[in-house]
>>> print(open('work.cif').read())   # mmCIF, C-alpha atoms
data_input
#
loop_
_atom_site.group_PDB
_atom_site.id
_atom_site.type_symbol
_atom_site.label_atom_id
_atom_site.label_comp_id
_atom_site.auth_asym_id
_atom_site.auth_seq_id
_atom_site.Cartn_x
_atom_site.Cartn_y
_atom_site.Cartn_z
ATOM 1 C CA MET N 1 -8.776 -22.010 -32.693
ATOM 2 C CA ARG N 2 -10.974 -24.953 -31.669
ATOM 3 C CA SER N 3 -11.274 -25.858 -28.008
ATOM 4 C CA ALA N 4 -9.783 -29.167 -26.821
ATOM 5 C CA LYS N 5 -13.313 -30.540 -26.368
ATOM 6 C CA GLY N 6 -14.257 -29.509 -29.918
ATOM 7 C CA ILE N 7 -11.167 -31.141 -31.412
ATOM 8 C CA ALA N 8 -11.803 -34.372 -29.509
ATOM 9 C CA MET N 9 -15.424 -34.454 -30.750
ATOM 10 C CA TRP N 10 -14.228 -33.846 -34.319
ATOM 11 C CA ALA N 11 -11.770 -36.746 -34.077
ATOM 12 C CA ARG N 12 -14.475 -39.113 -32.817
ATOM 13 C CA SER N 13 -16.912 -38.061 -35.566
ATOM 14 C CA CYS N 14 -14.186 -38.700 -38.174
ATOM 15 C CA CYS N 15 -13.866 -42.303 -37.002
ATOM 16 C CA GLN N 16 -17.624 -42.829 -36.921
ATOM 17 C CA ALA N 17 -18.282 -41.373 -40.396
ATOM 18 C CA GLY N 18 -17.219 -44.542 -42.241
ATOM 19 C CA PRO N 19 -14.175 -46.320 -43.671
ATOM 20 C CA CYS N 20 -11.201 -44.108 -44.291
ATOM 21 C CA GLN N 21 -8.908 -44.298 -47.272
ATOM 22 C CA PRO N 22 -5.190 -44.896 -46.600
ATOM 23 C CA CYS N 23 -4.367 -41.258 -47.163
ATOM 24 C CA ASP N 24 -7.250 -40.280 -44.842
ATOM 25 C CA THR N 25 -5.945 -42.674 -42.183
ATOM 26 C CA ARG N 26 -2.513 -41.093 -42.277
ATOM 27 C CA HIS N 27 -4.165 -37.696 -42.093
ATOM 28 C CA LEU N 28 -6.266 -38.746 -39.117
ATOM 29 C CA VAL N 29 -3.224 -40.153 -37.276
ATOM 30 C CA MET N 30 -1.432 -36.852 -37.798
ATOM 31 C CA ARG N 31 -4.449 -34.912 -36.518
ATOM 32 C CA ARG N 32 -4.700 -37.160 -33.465
ATOM 33 C CA THR N 33 -0.997 -36.687 -32.770
ATOM 34 C CA GLY N 34 -1.526 -32.963 -33.057
ATOM 35 C CA LEU N 35 -4.504 -33.222 -30.688
ATOM 36 C CA SER N 36 -2.410 -35.039 -28.052
ATOM 37 C CA LEU N 37 0.312 -32.409 -28.331
ATOM 38 C CA LEU N 38 -2.245 -29.610 -28.046
ATOM 39 C CA LEU N 39 -3.846 -31.138 -24.927
ATOM 40 C CA THR N 40 -0.406 -31.549 -23.308
ATOM 41 C CA MET N 41 0.486 -27.932 -24.035
ATOM 42 C CA MET N 42 -2.852 -26.761 -22.643
ATOM 43 C CA SER N 43 -2.279 -28.749 -19.420
ATOM 44 C CA VAL N 44 1.190 -27.271 -18.991
ATOM 45 C CA SER N 45 -0.183 -23.779 -19.654
ATOM 46 C CA VAL N 46 -2.805 -24.224 -16.923
ATOM 47 C CA VAL N 47 -0.121 -25.294 -14.415
ATOM 48 C CA TRP N 48 2.047 -22.299 -15.329
ATOM 49 C CA ALA N 49 -0.914 -19.946 -15.008
ATOM 50 C CA GLN N 50 -1.782 -21.308 -11.569
ATOM 51 C CA GLN N 51 1.798 -20.898 -10.391
ATOM 52 C CA ASP N 52 2.052 -17.360 -11.727
ATOM 53 C CA ALA N 53 -1.251 -16.311 -10.141
ATOM 54 C CA ALA N 54 -0.479 -17.673 -6.649
ATOM 55 C CA PRO N 55 0.915 -14.874 -4.423
ATOM 56 C CA GLY N 56 1.781 -17.270 -1.594
ATOM 57 C CA ALA N 57 0.019 -19.159 1.157
ATOM 58 C CA VAL N 58 -2.011 -18.435 4.274
ATOM 59 C CA ALA N 59 -1.737 -20.775 7.280
ATOM 60 C CA PRO N 60 -4.269 -20.318 10.106
ATOM 61 C CA LYS N 61 -2.743 -20.432 13.606
ATOM 62 C CA LEU N 62 -5.359 -19.281 16.128
ATOM 63 C CA ASP N 63 -8.984 -18.208 16.183
ATOM 64 C CA THR N 64 -10.374 -16.747 19.420
ATOM 65 C CA PRO N 65 -13.273 -14.385 20.203
ATOM 66 C CA GLN N 66 -10.810 -11.478 20.053
ATOM 67 C CA VAL N 67 -8.413 -12.322 17.224
ATOM 68 C CA ARG N 68 -7.716 -14.411 14.178
ATOM 69 C CA VAL N 69 -4.032 -15.263 13.746
ATOM 70 C CA ILE N 70 -2.485 -16.400 10.462
ATOM 71 C CA VAL N 71 0.938 -16.683 8.875
ATOM 72 C CA ALA N 72 1.019 -15.247 5.345
ATOM 73 C CA THR N 73 3.852 -16.283 3.026
ATOM 74 C CA LEU N 74 4.709 -13.922 0.162
ATOM 75 C CA LEU N 75 6.618 -15.288 -2.805
ATOM 76 C CA PRO N 76 9.432 -13.208 -4.347
ATOM 77 C CA ARG N 77 8.468 -10.641 -6.998
ATOM 78 C CA THR N 78 4.808 -11.669 -7.001
ATOM 79 C CA PRO N 79 2.310 -8.870 -6.235
ATOM 80 C CA ALA N 80 -0.380 -9.789 -3.687
ATOM 81 C CA ILE N 81 -3.476 -7.735 -4.541
ATOM 82 C CA ALA N 82 -6.006 -6.959 -1.800
ATOM 83 C CA ALA N 83 -8.777 -5.596 -4.020
ATOM 84 C CA ASN N 84 -11.178 -5.127 -1.106
ATOM 85 C CA GLY N 85 -8.606 -3.842 1.370
ATOM 86 C CA HIS N 86 -8.526 -5.005 4.981
ATOM 87 C CA ALA N 87 -11.546 -4.332 7.202
ATOM 88 C CA THR N 88 -9.873 -4.699 10.612
ATOM 89 C CA ASP N 89 -6.797 -3.510 12.486
ATOM 90 C CA ARG N 90 -3.898 -5.923 12.944
ATOM 91 C CA VAL N 91 -0.441 -6.445 14.382
ATOM 92 C CA LEU N 92 2.238 -7.727 11.988
ATOM 93 C CA VAL N 93 5.283 -9.649 13.187
ATOM 94 C CA TYR N 94 7.889 -10.410 10.512
ATOM 95 C CA LEU N 95 9.270 -13.939 10.701
ATOM 96 C CA ASP N 96 12.041 -13.439 8.126
ATOM 97 C CA ASN N 97 14.492 -10.752 7.104
ATOM 98 C CA GLY N 98 13.527 -9.008 3.883
ATOM 99 C CA SER N 99 11.976 -6.040 2.126
ATOM 100 C CA MET N 100 8.681 -5.330 0.399
ATOM 101 C CA THR N 101 6.645 -2.549 -1.145
ATOM 102 C CA HIS N 102 3.153 -1.505 -0.080
ATOM 103 C CA THR N 103 1.091 0.496 -2.571
ATOM 104 C CA GLU N 104 -2.108 2.142 -1.366
ATOM 105 C CA GLY N 105 -3.981 5.137 -2.742
ATOM 106 C CA GLY N 106 -1.394 5.566 -5.486
ATOM 107 C CA ARG N 107 1.466 5.871 -2.996
ATOM 108 C CA MET N 108 4.207 3.243 -2.747
ATOM 109 C CA THR N 109 6.104 2.668 0.500
ATOM 110 C CA THR N 110 9.225 0.511 0.835
ATOM 111 C CA ILE N 111 9.488 -1.515 4.038
ATOM 112 C CA ASP N 112 12.723 -3.153 5.215
ATOM 113 C CA PHE N 113 12.490 -5.496 8.175
ATOM 114 C CA HIS N 114 14.226 -8.135 10.252
ATOM 115 C CA ARG N 115 12.941 -11.234 11.952
ATOM 116 C CA GLY N 116 10.981 -10.254 15.058
ATOM 117 C CA ASP N 117 10.154 -6.704 13.932
ATOM 118 C CA VAL N 118 6.627 -5.565 14.817
ATOM 119 C CA ARG N 119 4.355 -3.199 12.886
ATOM 120 C CA TRP N 120 0.817 -1.901 13.398
ATOM 121 C CA ARG N 121 -1.481 -1.850 10.366
ATOM 122 C CA ALA N 122 -4.803 -0.058 10.685
ATOM 123 C CA ALA N 123 -7.830 -1.087 8.618
ATOM 124 C CA SER N 124 -7.439 0.147 5.039
ATOM 125 C CA GLY N 125 -8.819 0.234 1.522
ATOM 126 C CA PRO N 126 -7.447 -1.637 -1.516
ATOM 127 C CA TYR N 127 -3.683 -2.145 -1.634
ATOM 128 C CA ILE N 128 -0.932 -4.166 -3.292
ATOM 129 C CA SER N 129 1.967 -5.756 -1.424
ATOM 130 C CA GLU N 130 5.021 -7.179 -3.161
ATOM 131 C CA ASN N 131 7.926 -9.098 -1.703
ATOM 132 C CA THR N 132 10.997 -7.517 -3.287
ATOM 133 C CA SER N 133 13.402 -9.957 -1.602
ATOM 134 C CA ASP N 134 14.915 -12.903 -3.467
ATOM 135 C CA HIS N 135 13.306 -15.424 -1.095
ATOM 136 C CA PRO N 136 9.845 -16.053 0.396
ATOM 137 C CA ILE N 137 8.946 -14.047 3.499
ATOM 138 C CA ARG N 138 6.507 -14.967 6.270
ATOM 139 C CA ILE N 139 4.419 -12.503 8.244
ATOM 140 C CA LEU N 140 2.452 -13.348 11.375
ATOM 141 C CA GLU N 141 -0.801 -11.369 11.329
ATOM 142 C CA VAL N 142 -2.804 -10.860 14.531
ATOM 143 C CA ASP N 143 -6.128 -9.683 13.126
ATOM 144 C CA LEU N 144 -8.310 -7.930 15.727
ATOM 145 C CA LYS N 145 -11.980 -8.843 15.504
ATOM 146 C CA GLY N 146 -13.241 -5.700 17.203
ATOM 147 C CA PRO N 147 -12.431 -2.719 19.441
ATOM 148 C CA PRO N 148 -11.104 -3.148 22.993
ATOM 149 C CA ALA N 149 -13.710 -4.753 25.266
ATOM 150 C CA GLU N 150 -13.109 -2.472 28.228
ATOM 151 C CA ARG N 151 -10.401 -0.464 29.906
ATOM 152 C CA ALA N 152 -7.920 -2.875 31.490
ATOM 153 C CA VAL N 153 -7.257 -2.605 35.207
ATOM 154 C CA LYS N 154 -3.580 -1.969 35.915
ATOM 155 C CA SER N 155 -1.772 -4.271 38.294
ATOM 156 C CA ALA N 156 0.964 -3.502 40.782
ATOM 157 C CA LEU N 157 2.573 -6.718 39.517
ATOM 158 C CA ASP N 158 2.550 -5.652 35.863
ATOM 159 C CA ALA N 159 5.377 -7.508 34.123
ATOM 160 C CA VAL N 160 6.974 -4.398 32.630
ATOM 161 C CA ALA N 161 6.862 -2.551 35.969
ATOM 162 C CA VAL N 162 8.257 -5.279 38.220
ATOM 163 C CA ASP N 163 10.551 -7.045 35.744
ATOM 164 C CA PRO N 164 11.879 -4.636 33.076
ATOM 165 C CA LYS N 165 14.913 -6.870 32.591
ATOM 166 C CA HIS N 166 12.791 -9.498 30.878
ATOM 167 C CA PHE N 167 9.774 -7.532 29.583
ATOM 168 C CA LYS N 168 10.031 -4.452 27.368
ATOM 169 C CA VAL N 169 7.239 -2.588 25.579
ATOM 170 C CA GLN N 170 7.772 -2.841 21.824
ATOM 171 C CA PHE N 171 4.589 -1.045 20.837
ATOM 172 C CA GLU N 172 1.375 0.173 22.478
ATOM 173 C CA ASN N 173 -1.877 1.853 21.433
ATOM 174 C CA ASP N 174 -5.536 1.768 22.468
ATOM 175 C CA ALA N 175 -6.013 -1.770 21.156
ATOM 176 C CA VAL N 176 -2.844 -3.693 22.061
ATOM 177 C CA ARG N 177 0.387 -3.669 24.006
ATOM 178 C CA VAL N 178 3.192 -5.640 22.393
ATOM 179 C CA LEU N 179 5.961 -6.923 24.651
ATOM 180 C CA ARG N 180 9.373 -8.269 23.732
ATOM 181 C CA VAL N 181 10.334 -11.023 26.149
ATOM 182 C CA HIS N 182 13.918 -12.196 26.639
ATOM 183 C CA TYR N 183 15.526 -14.629 29.053
ATOM 184 C CA ASP N 184 19.180 -15.552 29.194
ATOM 185 C CA ALA N 185 20.113 -19.179 29.742
ATOM 186 C CA HIS N 186 19.140 -20.353 33.245
ATOM 187 C CA ASP N 187 17.366 -17.063 33.878
ATOM 188 C CA LYS N 188 14.303 -16.518 36.079
ATOM 189 C CA SER N 189 11.670 -13.783 36.185
ATOM 190 C CA GLN N 190 10.188 -11.873 39.072
ATOM 191 C CA ASN N 191 6.711 -12.793 40.189
ATOM 192 C CA HIS N 192 4.460 -10.845 37.808
ATOM 193 C CA GLN N 193 0.911 -10.582 36.530
ATOM 194 C CA HIS N 194 -0.701 -10.525 33.088
ATOM 195 C CA VAL N 195 -4.177 -8.960 33.253
ATOM 196 C CA LEU N 196 -4.970 -9.330 29.538
ATOM 197 C CA ASN N 197 -5.403 -12.182 27.104
ATOM 198 C CA ARG N 198 -2.265 -12.581 24.992
ATOM 199 C CA VAL N 199 -1.017 -14.064 21.742
ATOM 200 C CA ILE N 200 2.520 -15.372 22.219
ATOM 201 C CA LEU N 201 4.986 -16.024 19.389
ATOM 202 C CA TYR N 202 8.143 -17.954 20.297
ATOM 203 C CA LEU N 203 11.128 -16.738 18.284
ATOM 204 C CA ASN N 204 13.399 -19.664 19.143
ATOM 205 C CA ASP N 205 13.246 -23.080 20.756
ATOM 206 C CA SER N 206 12.884 -23.012 24.524
ATOM 207 C CA VAL N 207 11.523 -25.075 27.374
ATOM 208 C CA VAL N 208 8.133 -23.355 27.053
ATOM 209 C CA GLY N 209 7.712 -23.294 23.256
ATOM 210 C CA LYS N 210 9.173 -24.160 19.863
ATOM 211 C CA MET N 211 10.448 -21.657 17.306
ATOM 212 C CA ASP N 212 7.557 -19.956 15.437
ATOM 213 C CA GLU N 213 4.955 -21.643 17.648
ATOM 214 C CA VAL N 214 1.932 -19.445 18.404
ATOM 215 C CA ARG N 215 -0.211 -19.758 21.526
ATOM 216 C CA ALA N 216 -3.102 -18.002 23.206
ATOM 217 C CA SER N 217 -2.585 -17.283 26.893
ATOM 218 C CA ALA N 218 -5.074 -16.110 29.535
ATOM 219 C CA PRO N 219 -4.478 -13.672 32.438
ATOM 220 C CA ARG N 220 -2.342 -15.105 35.234
ATOM 221 C CA ILE N 221 0.165 -14.450 38.009
ATOM 222 C CA HIS N 222 3.323 -16.522 37.769
ATOM 223 C CA VAL N 223 7.101 -16.850 37.724
ATOM 224 C CA GLU N 224 8.859 -17.970 34.552
ATOM 225 C CA GLU N 225 12.191 -19.731 34.352
ATOM 226 C CA ASN N 226 14.393 -20.649 31.414
ATOM 227 C CA ASP N 227 16.301 -23.676 32.689
ATOM 228 C CA SER N 228 17.887 -24.456 29.313
ATOM 229 C CA ASP N 229 21.391 -23.650 28.086
ATOM 230 C CA GLN N 230 20.027 -21.336 25.364
ATOM 231 C CA PRO N 231 18.437 -17.862 25.503
ATOM 232 C CA ALA N 232 14.659 -17.710 25.058
ATOM 233 C CA ASP N 233 12.890 -14.939 23.102
ATOM 234 C CA ALA N 234 9.226 -14.273 22.425
ATOM 235 C CA ILE N 235 6.746 -11.605 21.312
ATOM 236 C CA ALA N 236 3.589 -11.187 23.414
ATOM 237 C CA VAL N 237 0.633 -9.280 21.937
ATOM 238 C CA GLU N 238 -1.624 -8.222 24.815
ATOM 239 C CA LEU N 239 -5.249 -7.650 23.749
ATOM 240 C CA LYS N 240 -6.962 -4.727 25.435
#
>>> encode(input="work.cif", output="structure tokens")
Amino acid sequence: MRSAKGIAMWARSCCQAGPCQPCDTRHLVMRRTGLSLLLTMMSVSVVWAQQDAAPGAVAPKLDTPQVRVIVATLLPRTPAIAANGHATDRVLVYLDNGSMTHTEGGRMTTIDFHRGDVRWRAASGPYISENTSDHPIRILEVDLKGPPAERAVKSALDAVAVDPKHFKVQFENDAVRVLRVHYDAHDKSQNHQHVLNRVILYLNDSVVGKMDEVRASAPRIHVEENDSDQPADAIAVELK
């Protein structure tokens, strides 16, 4: 079958060749009509192909010397192929309820999750992820740029130690400590200290952040207070 460019060139050469007989004119009109239809179909096919090939979207959120933070959106029933794998370790926080499959090394794993669930993913080789839900799902990825800088000094005012009501350890390893933070309405923390840089994800609207907002926070000693009428929840990824 001729390419669209070839057909267009043929049509122009037909007009330039000389006078056409009536029957030739009708023939040329029909061929031009066919050309227009073909070009339209080709344009539609390209749009369909682009839609079918797109696994979702990636929205950058933060980029610091220690981490790169993105939100990846996976469309339903559309495999996302990581042909080169993932070179660095990362923390995943699921922003939606759903389920997905992860295929790596010939082995498929099914993952069910809820909003706010946290998972550690070590660096890996090639894999395929597929959202098996009937709706798009978003995943916050905290991608670590390197190993821990140094061993963190522990503080007597560590948030988990002095204020376990509001700070609970969700996950911890040599690279990160992930805290789940919760305040009731009109609730106030104890004076506490953060000795590590942190990535904070706000799970709902509060006086300190909006739902799904992501911030970088430096070490500090402070007291927090939720003076709103609504509970406040967040995930804090401490970077060792």
>>> resolve_selection(input="work.cif", expression="the PyMOL selection byres ((chain N and resi 121) around 12)", output="number ranges by chain")
N: 85-93, 102, 118-120, 122-125, 141-144, 173, 175-176
>>> residues_around(input="work.cif", residues="Asn191 (chain N)", least_positions_apart="4", cutoff="9 Å", atoms="all atoms listed in the file", output="PyMOL selection string")
chain N and resi 157+159+162-163+221-224
>>> resolve_selection(input="work.cif", expression="the PyMOL selection byres ((chain N and resi 165) around 9)", output="PyMOL selection string")
chain N and resi 160+162-164+166-168+181-183+189
>>> closest_residue(input="work.cif", among="N:Ala156, N:Leu196, N:Ile235, N:Val214", to="Ala59 (chain N)", atoms="all atoms listed in the file")
N:Val214
>>> residues_around(input="work.cif", residues="Ala72 (chain N)", least_positions_apart="5", cutoff="9 Å", atoms="all atoms listed in the file", output="list of chain:residue names")
N:Gly56, N:Ala57, N:Val58, N:Ala59, N:Pro60, N:Ile137, N:Arg138, N:Ile139, N:Leu140, N:Glu141
>>> write_last_selection(input="work.cif", atoms="C-alpha atoms", output="short mmCIF file (atom, residue, chain, number, x, y, z; two decimals), in the frame of the given file")
data_model
loop_
_atom_site.label_atom_id
_atom_site.label_comp_id
_atom_site.auth_asym_id
_atom_site.auth_seq_id
_atom_site.Cartn_x
_atom_site.Cartn_y
_atom_site.Cartn_z
CA GLY N 56 1.78 -17.27 -1.59
CA ALA N 57 0.02 -19.16 1.16
CA VAL N 58 -2.01 -18.43 4.27
CA ALA N 59 -1.74 -20.78 7.28
CA PRO N 60 -4.27 -20.32 10.11
CA ILE N 137 8.95 -14.05 3.50
CA ARG N 138 6.51 -14.97 6.27
CA ILE N 139 4.42 -12.50 8.24
CA LEU N 140 2.45 -13.35 11.38
CA GLU N 141 -0.80 -11.37 11.33
#
>>> resolve_selection(input="work.cif", expression="the PyMOL selection byres ((chain N and resi 207) around 12)", output="list in words")
Tyr183, Ala185, His186, Asp187, Tyr202, Asn204, Asp205, Ser206, Val208, Gly209, Lys210, Met211, Glu224, Glu225, Asn226, Asp227, Ser228, Asp229, Gln230, Pro231, Ala232 and Asp233 of chain N
>>> atom_distance(input="work.cif", atom1="CA of Arg107 (chain N)", atom2="CA of Gly146 (chain N)")
27.5 Å
>>> closest_residue(input="work.cif", among="N:Val67, N:Leu75, N:Ala82, N:Val153", to="Val237 (chain N)", atoms="all atoms listed in the file")
N:Val67
>>> atom_distance(input="work.cif", atom1="CA of Val69 (chain N)", atom2="CA of His135 (chain N)")
22.8 Å
>>> closest_residue(input="work.cif", among="N:Gln66, N:Gln193, N:Asn97, N:Ser133", to="Ala149 (chain N)", atoms="all atoms listed in the file")
N:Gln66
>>> atom_distance(input="work.cif", atom1="CA of Ser129 (chain N)", atom2="CA of Asp112 (chain N)")
12.9 Å
